[in-house]
Structures are given as structure tokens and as C-alpha cells.
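S.K.: Handing you this structure, nothing more for now.
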Amino acid sequence: MTNDARALLPVALEAAAIAGDLITTHLPGLVTAKGDRDMATEVDYAVERAVRDHLALRTPAVGFLGEESGADGRTGDGLQWVLDPVDGTVNFLHGLPLCGVSLALVRGDTAILGVIGLPFLGSLYAAAEGDGATVNDQPIKASGASTLDAALVSVGDYAVGDDAVERNRARHAITWRLASRVQRIRMFGSAAIDLVWVAEGKTDACLMLANKPWDTAAGVVIAKEAGALVTDLDGTPHTTRSSATIAAAPGILAEILELAREA
């Protein structure tokens, strides 16, 4: 099995097409509770099964980690596919178009390929390490923002589940600090969208105090390949083991990190 991410990009694009067809042609169906205000729909499970089966057929030696089914234990060539079948499930459940499939190829703790399909928006983002990033086959580039007062910044969802009140104190503090400095704040409800819109220059930064690989891995490589800087909260390069996910135009990253750490 090749370690060249570019060689596996067609496989990932095929998987995204399979997922997009299921997402756009099926209603959410039965909703399964996974925890406090956390759920999966029938479509989440159907997409994960279909994509997992496709990847197993096309790349049988590569491991697989899915949000709904976990890891399959394979570690061929040290590579693993990482899938969020429907990133933005709550949006999908409510009929909002801000949702899609997020698929990454990870080597060790670093994403080397990412594909994110937003089928209701007609957008397909892709990137392979060292090969740049695209949307619908057109190159994309992160913004050149250099001041916070002109920056549009998205923040990740607030926490739910155990200790949500305590964990949200920092999120509330960061939102408050950003509100006094940046042009506007947005919350899209999808980590994949947060990251690809930074990559595309639609937003100038995103800040998430979380880092689940299926949520972030694909978007991280797309943002990096588009010229954004992506780090953990302490400013170290982002990996699947990071505790937070911060992506920004290079000219404002330092100020974003300072505000986040102050909170």
C-alpha cells in the first residue's frame, strides 16, 4: 500500500460521493441518543457503513476509525482512514444545510489527506499533503487578514454532557473576549465547515476547545494546505492528540492564541 496521500485521493473522493448521495436522498430517520443532547441518525450509521465498506474494498490494508463504529484494528502501513459520516448531525436533523461528510487519511498522529463534502451546498473540498487544497477542483487560499477588528471568526459548539457547565466557562470567556475585538463571531455547528471556510478565506479564523479526530482531521489538512496555520491552544502544531483546534490566517494567529489563553 502506497504512503503517497495523493495516490489515495481518488478513493477518498469516491467515498465522499457515496456519502453525499446518502445524505441528500434520505431523511434522518430514527434518532439514537449517544449522551446528553448528543445523537446519531439512521443516515449517520448508513453513511458510515457504506464508506467503511468502500474503503475496505479499495484499501484493504488501511485501518479505519469511524465516529459511530470506532476502530477496526487494522494498521496497514501506519495509515488509518478517519470518518465523520455526518459532521453537523444536529444541523442535519433540523434541516439546516450546514452539514456533510468529513474523511481524513492519518499517518501516526498527523492528517495527510482530507476530503470534506458539503452536499447541500454543492461544495467538495480536498487536500493532500504537499499538494495544496481545492474546492470543486479550484485552488483555495486562506485569507490575508492582519487585524482582528476586520476578522470574521467562528467558534466551536459549546460542550454538552458531563461537566458541561464547567467546561463551558472557558468557551463563554473566549466568546466574550473575541466579541470585544473581532469584526463578528459565528457558530456554524460543524467543525468541518469551521475549518474549510478558514481554508477558503470565507472566515479568518476558527477556534474550538476540542479535538476529536473524526471532527477535525480532514479539515486540518485542508486548512494547512490552503495556507492557514493550525495549532493547539499552546501554539504547537496541531495533531490528532491536540486538546484544542485553532486555525487562522497567519497574520492574526498570535492574537487569537493570546485571547484564547487569557480566557
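Chain labels follow the order of the C-alpha cells: the first chain is A, the next B, and so on; residue numbering restarts at 1 in every chain, and ligands are counted from 1 in their shown order.
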Taking 5 positions as the minimum chain separation for residues in the same chain, which residues sit within 9 Å of A:Thr134 when counting only C-alpha atoms? Answer as a PDB file with N, CA and C atoms, in the first residue's frame.

M.R.:
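Below is the file result17.pdb, written as the result:
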```
ATOM      1  N   LEU A 124     -17.230  20.532  -2.541  1.00  0.00           N
ATOM      2  CA  LEU A 124     -16.383  19.381  -2.253  1.00  0.00           C
ATOM      3  C   LEU A 124     -14.949  19.866  -2.093  1.00  0.00           C
ATOM      4  N   TYR A 125     -14.447  19.798  -0.884  1.00  0.00           N
ATOM      5  CA  TYR A 125     -13.101  20.261  -0.547  1.00  0.00           C
ATOM      6  C   TYR A 125     -12.154  19.065  -0.496  1.00  0.00           C
ATOM      7  N   ALA A 126     -10.921  19.278  -0.933  1.00  0.00           N
ATOM      8  CA  ALA A 126      -9.948  18.187  -0.927  1.00  0.00           C
ATOM      9  C   ALA A 126      -8.537  18.743  -0.761  1.00  0.00           C
ATOM     10  N   ALA A 127      -7.697  17.956  -0.124  1.00  0.00           N
ATOM     11  CA  ALA A 127      -6.283  18.323   0.009  1.00  0.00           C
ATOM     12  C   ALA A 127      -5.476  17.074   0.298  1.00  0.00           C
ATOM     13  N   PRO A 139      -8.329  25.803  -6.869  1.00  0.00           N
ATOM     14  CA  PRO A 139      -7.454  26.074  -5.721  1.00  0.00           C
ATOM     15  C   PRO A 139      -8.075  27.085  -4.760  1.00  0.00           C
ATOM     16  N   ILE A 140      -7.823  26.884  -3.476  1.00  0.00           N
ATOM     17  CA  ILE A 140      -8.288  27.822  -2.459  1.00  0.00           C
ATOM     18  C   ILE A 140      -7.117  28.277  -1.607  1.00  0.00           C
ATOM     19  N   LYS A 141      -7.300  29.438  -0.984  1.00  0.00           N
ATOM     20  CA  LYS A 141      -6.240  30.033  -0.175  1.00  0.00           C
ATOM     21  C   LYS A 141      -6.854  30.734   1.021  1.00  0.00           C
ATOM     22  N   GLU A 200     -10.790  28.433   2.818  1.00  0.00           N
ATOM     23  CA  GLU A 200     -11.273  29.117   1.621  1.00  0.00           C
ATOM     24  C   GLU A 200     -11.205  30.634   1.745  1.00  0.00           C
ATOM     25  N   ILE A 222      -6.804  20.288   5.107  1.00  0.00           N
ATOM     26  CA  ILE A 222      -7.285  21.210   4.075  1.00  0.00           C
ATOM     27  C   ILE A 222      -6.897  22.644   4.417  1.00  0.00           C
ATOM     28  N   ALA A 226      -4.105  25.090   2.453  1.00  0.00           N
ATOM     29  CA  ALA A 226      -4.557  26.363   1.887  1.00  0.00           C
ATOM     30  C   ALA A 226      -3.798  27.554   2.451  1.00  0.00           C
TER      31      ALA A 226
END
```

S.K.: I need the residues of stretch 6-68 of chain A that end up classed as helix (DSSP H, G or I) by DSSP on the backbone, written out as JSON, numbers by chain.

M.R.: {"A": [6, 7, 8, 9, 10, 11, 12, 13, 14, 15, 16, 17, 18, 19, 20, 21, 22, 23, 24, 25, 42, 43, 44, 45, 46, 47, 48, 49, 50, 51, 52, 53, 54, 55, 56, 57, 58]}

S.K.: Quick one: everything within 12 Å of A:Thr110, counting only C-alpha atoms, minus sequence neighbours fewer than 6 positions away in the same chain. Send it as a VMD selection string.

M.R.: chain A and resid 5 78 to 82 104 128 to 129 213 216 to 218 220 to 221 224 230 237 to 242

S.K.: Go ahead and write the residues just picked, N, CA, C and O atoms, as an mmCIF file, in the first residue's frame.

M.R.:
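Generated output (out.cif):
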```
data_model
loop_
_atom_site.group_PDB
_atom_site.id
_atom_site.type_symbol
_atom_site.label_atom_id
_atom_site.label_comp_id
_atom_site.auth_asym_id
_atom_site.auth_seq_id
_atom_site.Cartn_x
_atom_site.Cartn_y
_atom_site.Cartn_z
ATOM 1 N N ALA A 5 -0.132 10.217 -0.237
ATOM 2 C CA ALA A 5 -1.516 10.618 0.001
ATOM 3 C C ALA A 5 -2.229 10.946 -1.299
ATOM 4 O O ALA A 5 -3.419 10.644 -1.460
ATOM 5 N N GLY A 78 0.846 1.931 8.739
ATOM 6 C CA GLY A 78 0.694 3.007 9.706
ATOM 7 C C GLY A 78 -0.360 4.017 9.324
ATOM 8 O O GLY A 78 -0.419 5.113 9.872
ATOM 9 N N LEU A 79 -1.244 3.658 8.377
ATOM 10 C CA LEU A 79 -2.260 4.571 7.878
ATOM 11 C C LEU A 79 -3.640 4.189 8.421
ATOM 12 O O LEU A 79 -3.929 3.014 8.662
ATOM 13 N N GLN A 80 -4.480 5.213 8.587
ATOM 14 C CA GLN A 80 -5.836 4.970 9.063
ATOM 15 C C GLN A 80 -6.782 6.003 8.449
ATOM 16 O O GLN A 80 -6.497 7.208 8.457
ATOM 17 N N TRP A 81 -7.879 5.526 7.901
ATOM 18 C CA TRP A 81 -8.958 6.422 7.495
ATOM 19 C C TRP A 81 -9.727 6.853 8.738
ATOM 20 O O TRP A 81 -9.993 6.031 9.621
ATOM 21 N N VAL A 82 -10.105 8.117 8.796
ATOM 22 C CA VAL A 82 -10.864 8.643 9.937
ATOM 23 C C VAL A 82 -12.099 9.362 9.387
ATOM 24 O O VAL A 82 -11.974 10.308 8.602
ATOM 25 N N ALA A 104 -10.643 11.746 6.506
ATOM 26 C CA ALA A 104 -9.208 12.021 6.509
ATOM 27 C C ALA A 104 -8.420 10.729 6.414
ATOM 28 O O ALA A 104 -8.894 9.657 6.816
ATOM 29 N N ALA A 128 -4.265 17.046 -0.240
ATOM 30 C CA ALA A 128 -3.282 16.022 0.091
ATOM 31 C C ALA A 128 -2.001 16.745 0.492
ATOM 32 O O ALA A 128 -1.676 17.803 -0.057
ATOM 33 N N GLU A 129 -1.300 16.169 1.438
ATOM 34 C CA GLU A 129 -0.094 16.796 1.982
ATOM 35 C C GLU A 129 0.869 17.194 0.870
ATOM 36 O O GLU A 129 1.249 16.387 0.029
ATOM 37 N N PRO A 213 -10.721 13.413 16.413
ATOM 38 C CA PRO A 213 -10.120 13.249 15.084
ATOM 39 C C PRO A 213 -11.124 13.218 13.946
ATOM 40 O O PRO A 213 -10.870 13.778 12.876
ATOM 41 N N THR A 216 -12.108 16.830 13.121
ATOM 42 C CA THR A 216 -11.129 17.851 12.741
ATOM 43 C C THR A 216 -10.070 17.420 11.740
ATOM 44 O O THR A 216 -9.510 18.273 11.040
ATOM 45 N N ALA A 217 -9.739 16.132 11.658
ATOM 46 C CA ALA A 217 -8.544 15.721 10.907
ATOM 47 C C ALA A 217 -8.589 16.152 9.448
ATOM 48 O O ALA A 217 -7.616 16.703 8.910
ATOM 49 N N ALA A 218 -9.703 15.920 8.768
ATOM 50 C CA ALA A 218 -9.785 16.287 7.352
ATOM 51 C C ALA A 218 -9.695 17.795 7.168
ATOM 52 O O ALA A 218 -8.967 18.295 6.299
ATOM 53 N N VAL A 220 -8.325 19.976 9.098
ATOM 54 C CA VAL A 220 -6.998 20.488 9.459
ATOM 55 C C VAL A 220 -6.053 20.430 8.272
ATOM 56 O O VAL A 220 -5.362 21.415 7.964
ATOM 57 N N VAL A 221 -5.995 19.300 7.578
ATOM 58 C CA VAL A 221 -5.068 19.204 6.440
ATOM 59 C C VAL A 221 -5.502 20.121 5.304
ATOM 60 O O VAL A 221 -4.668 20.730 4.624
ATOM 61 N N LYS A 224 -4.431 23.682 6.383
ATOM 62 C CA LYS A 224 -2.977 23.834 6.297
ATOM 63 C C LYS A 224 -2.515 23.951 4.853
ATOM 64 O O LYS A 224 -1.676 24.796 4.524
ATOM 65 N N VAL A 230 -2.514 26.048 11.761
ATOM 66 C CA VAL A 230 -3.409 25.262 12.615
ATOM 67 C C VAL A 230 -2.602 24.754 13.801
ATOM 68 O O VAL A 230 -1.589 24.060 13.624
ATOM 69 N N PRO A 237 2.187 22.828 16.774
ATOM 70 C CA PRO A 237 1.475 22.336 15.592
ATOM 71 C C PRO A 237 0.386 21.337 15.956
ATOM 72 O O PRO A 237 0.560 20.495 16.842
ATOM 73 N N HIS A 238 -0.721 21.420 15.264
ATOM 74 C CA HIS A 238 -1.871 20.575 15.564
ATOM 75 C C HIS A 238 -1.619 19.130 15.158
ATOM 76 O O HIS A 238 -1.058 18.858 14.102
ATOM 77 N N THR A 239 -2.035 18.200 16.007
ATOM 78 C CA THR A 239 -2.032 16.776 15.704
ATOM 79 C C THR A 239 -3.341 16.189 16.195
ATOM 80 O O THR A 239 -4.156 16.875 16.820
ATOM 81 N N THR A 240 -3.551 14.906 15.935
ATOM 82 C CA THR A 240 -4.765 14.261 16.423
ATOM 83 C C THR A 240 -4.787 14.172 17.945
ATOM 84 O O THR A 240 -5.834 13.902 18.526
ATOM 85 N N ARG A 241 -3.649 14.395 18.584
ATOM 86 C CA ARG A 241 -3.583 14.348 20.051
ATOM 87 C C ARG A 241 -3.735 15.713 20.699
ATOM 88 O O ARG A 241 -3.711 15.828 21.930
ATOM 89 N N SER A 242 -3.875 16.774 19.908
ATOM 90 C CA SER A 242 -4.037 18.114 20.468
ATOM 91 C C SER A 242 -5.325 18.199 21.282
ATOM 92 O O SER A 242 -6.294 17.476 21.030
#
```

S.K.: Between atom CA of A:Glu225 and atom CA of A:Glu255, measure the distance and give it in Å to one decimal.

M.R.: 21.6 Å

S.K.: One decimal, Å: what's the distance from atom CA of A:Ala12 over to atom CA of A:Gly130, could you say?

M.R.: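 About the pair atom CA of A:Ala12 and atom CA of A:Gly130: they are 16.7 Å apart.
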
S.K.: Nearest to A:Ile23 among A:Ala61, A:Val47, A:Ala7, A:Ile256, with distances taken over only C-alpha atoms: which residue is it?

M.R.: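 Answer, going by the shortest atom-to-atom distance: A:Val47.
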
S.K.: Given the choices A:Asp84, A:Asp131, A:Ala142, A:Asp157, which gets closest to A:Ala228 if the distance is worked out from only C-alpha atoms?

M.R.: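 With only C-alpha atoms as the atom set, the closest residue is A:Ala142.
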
S.K.: Which of these residues is nearest to A:Trp214, using only C-alpha atoms: A:Ala151, A:Leu83, A:Val90, A:Leu105?

M.R.: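 When distances to A:Trp214 are compared using only C-alpha atoms, the smallest one comes from A:Leu83.
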
S.K.: For A:Asn211, work out the shell of residues within 6 Å, counting only C-alpha atoms and skipping chain neighbours fewer than 3 positions away, then give it as a ChimeraX atom specification.

M.R.: /A:243-245

S.K.: Tell me which of A:Val160, A:Ile112, A:Val11, A:Leu98 sits closest to A:Ala56, counting only C-alpha atoms.

M.R.: A:Val11

S.K.: Write out as a ChimeraX atom specification each polymer residue whose atoms come within 12 Å of A:Met208, counting only C-alpha atoms; drop sequence neighbours fewer than 6 positions from it.

M.R.: /A:153-159,168,170-172,174-175,187-192,194-195,215-216,220,230-233,242-248,256-257,260

S.K.: For the residues selected in the previous step, produce a file with N, CA, C and O atoms as a compact mmCIF listing (two decimals), in the first residue's frame.

M.R.:
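Listed below is the output, out_23.txt:
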```
# COMPACT_ATOMS: atom_id res chain seq x y z
N VAL A 153 -14.63 35.44 12.75
CA VAL A 153 -14.10 34.29 13.49
C VAL A 153 -15.25 33.38 13.90
O VAL A 153 -16.25 33.84 14.45
N SER A 154 -15.10 32.09 13.64
CA SER A 154 -16.11 31.13 14.10
C SER A 154 -15.60 30.42 15.34
O SER A 154 -14.40 30.24 15.54
N VAL A 155 -16.54 30.02 16.18
CA VAL A 155 -16.21 29.28 17.40
C VAL A 155 -16.97 27.95 17.36
O VAL A 155 -18.05 27.85 16.78
N GLY A 156 -16.38 26.95 17.98
CA GLY A 156 -17.00 25.63 18.01
C GLY A 156 -18.19 25.58 18.95
O GLY A 156 -18.42 26.48 19.77
N ASP A 157 -18.95 24.51 18.82
CA ASP A 157 -20.12 24.32 19.68
C ASP A 157 -19.73 24.35 21.15
O ASP A 157 -18.63 23.92 21.53
N TYR A 158 -20.65 24.81 21.97
CA TYR A 158 -20.47 24.69 23.41
C TYR A 158 -20.61 23.23 23.82
O TYR A 158 -21.26 22.43 23.12
N ALA A 159 -20.01 22.87 24.93
CA ALA A 159 -19.98 21.49 25.39
C ALA A 159 -21.35 21.05 25.89
O ALA A 159 -22.15 21.85 26.40
N ASN A 168 -17.84 24.85 29.82
CA ASN A 168 -18.25 25.98 29.00
C ASN A 168 -17.82 27.33 29.57
O ASN A 168 -17.95 28.35 28.87
N ALA A 170 -14.80 28.41 30.01
CA ALA A 170 -13.74 28.92 29.14
C ALA A 170 -14.29 29.33 27.78
O ALA A 170 -13.87 30.33 27.21
N ARG A 171 -15.25 28.56 27.27
CA ARG A 171 -15.85 28.90 25.98
C ARG A 171 -16.58 30.24 26.04
O ARG A 171 -16.49 31.06 25.13
N HIS A 172 -17.32 30.44 27.13
CA HIS A 172 -18.02 31.72 27.29
C HIS A 172 -17.01 32.87 27.40
O HIS A 172 -17.21 33.94 26.81
N ILE A 174 -13.95 33.02 26.21
CA ILE A 174 -13.32 33.27 24.90
C ILE A 174 -14.28 34.03 23.99
O ILE A 174 -13.88 34.98 23.31
N THR A 175 -15.54 33.63 23.98
CA THR A 175 -16.53 34.32 23.14
C THR A 175 -16.61 35.79 23.54
O THR A 175 -16.65 36.69 22.68
N MET A 187 -21.12 30.87 14.82
CA MET A 187 -21.11 29.48 15.26
C MET A 187 -21.90 28.67 14.23
O MET A 187 -23.11 28.84 14.11
N PHE A 188 -21.22 27.81 13.49
CA PHE A 188 -21.85 27.09 12.38
C PHE A 188 -22.35 25.71 12.77
O PHE A 188 -23.14 25.11 12.04
N GLY A 189 -21.87 25.15 13.88
CA GLY A 189 -22.33 23.83 14.30
C GLY A 189 -21.70 22.68 13.56
O GLY A 189 -22.21 21.56 13.60
N SER A 190 -20.57 22.92 12.90
CA SER A 190 -19.86 21.87 12.16
C SER A 190 -18.38 22.19 12.16
O SER A 190 -17.97 23.21 11.60
N ALA A 191 -17.58 21.34 12.76
CA ALA A 191 -16.13 21.55 12.77
C ALA A 191 -15.56 21.53 11.36
O ALA A 191 -14.63 22.28 11.04
N ALA A 192 -16.12 20.67 10.51
CA ALA A 192 -15.64 20.61 9.13
C ALA A 192 -15.83 21.94 8.43
O ALA A 192 -14.92 22.43 7.74
N ASP A 194 -16.21 24.91 9.90
CA ASP A 194 -15.31 25.87 10.54
C ASP A 194 -13.95 25.88 9.86
O ASP A 194 -13.38 26.94 9.56
N LEU A 195 -13.42 24.70 9.59
CA LEU A 195 -12.06 24.59 9.07
C LEU A 195 -11.97 24.87 7.57
O LEU A 195 -11.06 25.57 7.12
N ASP A 215 -13.88 14.74 13.75
CA ASP A 215 -14.39 16.09 13.52
C ASP A 215 -13.39 16.98 12.79
O ASP A 215 -13.77 17.82 11.97
N THR A 216 -12.11 16.83 13.12
CA THR A 216 -11.13 17.85 12.74
C THR A 216 -10.07 17.42 11.74
O THR A 216 -9.51 18.27 11.04
N VAL A 220 -8.33 19.98 9.10
CA VAL A 220 -7.00 20.49 9.46
C VAL A 220 -6.05 20.43 8.27
O VAL A 220 -5.36 21.41 7.96
N VAL A 230 -2.51 26.05 11.76
CA VAL A 230 -3.41 25.26 12.62
C VAL A 230 -2.60 24.75 13.80
O VAL A 230 -1.59 24.06 13.62
N THR A 231 -3.06 25.09 15.01
CA THR A 231 -2.29 24.78 16.21
C THR A 231 -3.18 24.28 17.33
O THR A 231 -4.41 24.36 17.26
N ASP A 232 -2.52 23.82 18.37
CA ASP A 232 -3.17 23.56 19.65
C ASP A 232 -3.24 24.89 20.40
O ASP A 232 -2.72 25.92 19.94
N LEU A 233 -3.85 24.89 21.57
CA LEU A 233 -4.02 26.12 22.33
C LEU A 233 -2.70 26.75 22.74
O LEU A 233 -2.58 27.97 22.87
N SER A 242 -3.88 16.77 19.91
CA SER A 242 -4.04 18.11 20.47
C SER A 242 -5.32 18.20 21.28
O SER A 242 -6.29 17.48 21.03
N SER A 243 -5.35 19.13 22.24
CA SER A 243 -6.54 19.29 23.08
C SER A 243 -7.52 20.29 22.50
O SER A 243 -8.71 20.26 22.83
N ALA A 244 -7.04 21.17 21.64
CA ALA A 244 -7.88 22.19 21.01
C ALA A 244 -7.51 22.29 19.54
O ALA A 244 -6.48 21.75 19.11
N THR A 245 -8.34 22.99 18.78
CA THR A 245 -8.11 23.14 17.35
C THR A 245 -8.31 24.61 16.98
O THR A 245 -9.44 25.11 17.03
N ILE A 246 -7.22 25.27 16.64
CA ILE A 246 -7.27 26.68 16.29
C ILE A 246 -6.65 26.86 14.92
O ILE A 246 -5.49 26.49 14.70
N ALA A 247 -7.42 27.38 13.98
CA ALA A 247 -6.94 27.63 12.62
C ALA A 247 -7.14 29.11 12.31
O ALA A 247 -8.19 29.67 12.63
N ALA A 248 -6.15 29.73 11.69
CA ALA A 248 -6.25 31.16 11.45
C ALA A 248 -5.36 31.59 10.30
O ALA A 248 -4.36 30.93 9.98
N ILE A 256 -5.11 35.68 18.21
CA ILE A 256 -6.17 34.73 18.54
C ILE A 256 -5.72 33.84 19.69
O ILE A 256 -6.47 33.61 20.66
N LEU A 257 -4.51 33.34 19.62
CA LEU A 257 -4.00 32.48 20.68
C LEU A 257 -3.89 33.22 21.99
O LEU A 257 -4.21 32.68 23.07
N ALA A 260 -7.32 33.54 23.49
CA ALA A 260 -7.81 32.25 23.98
C ALA A 260 -7.13 31.88 25.28
O ALA A 260 -7.78 31.39 26.22
```

S.K.: Could you tell me how far atom CA of A:Ala263 lies from atom CA of A:Gly88, in Å and to one decimal?

M.R.: 26.1 Å
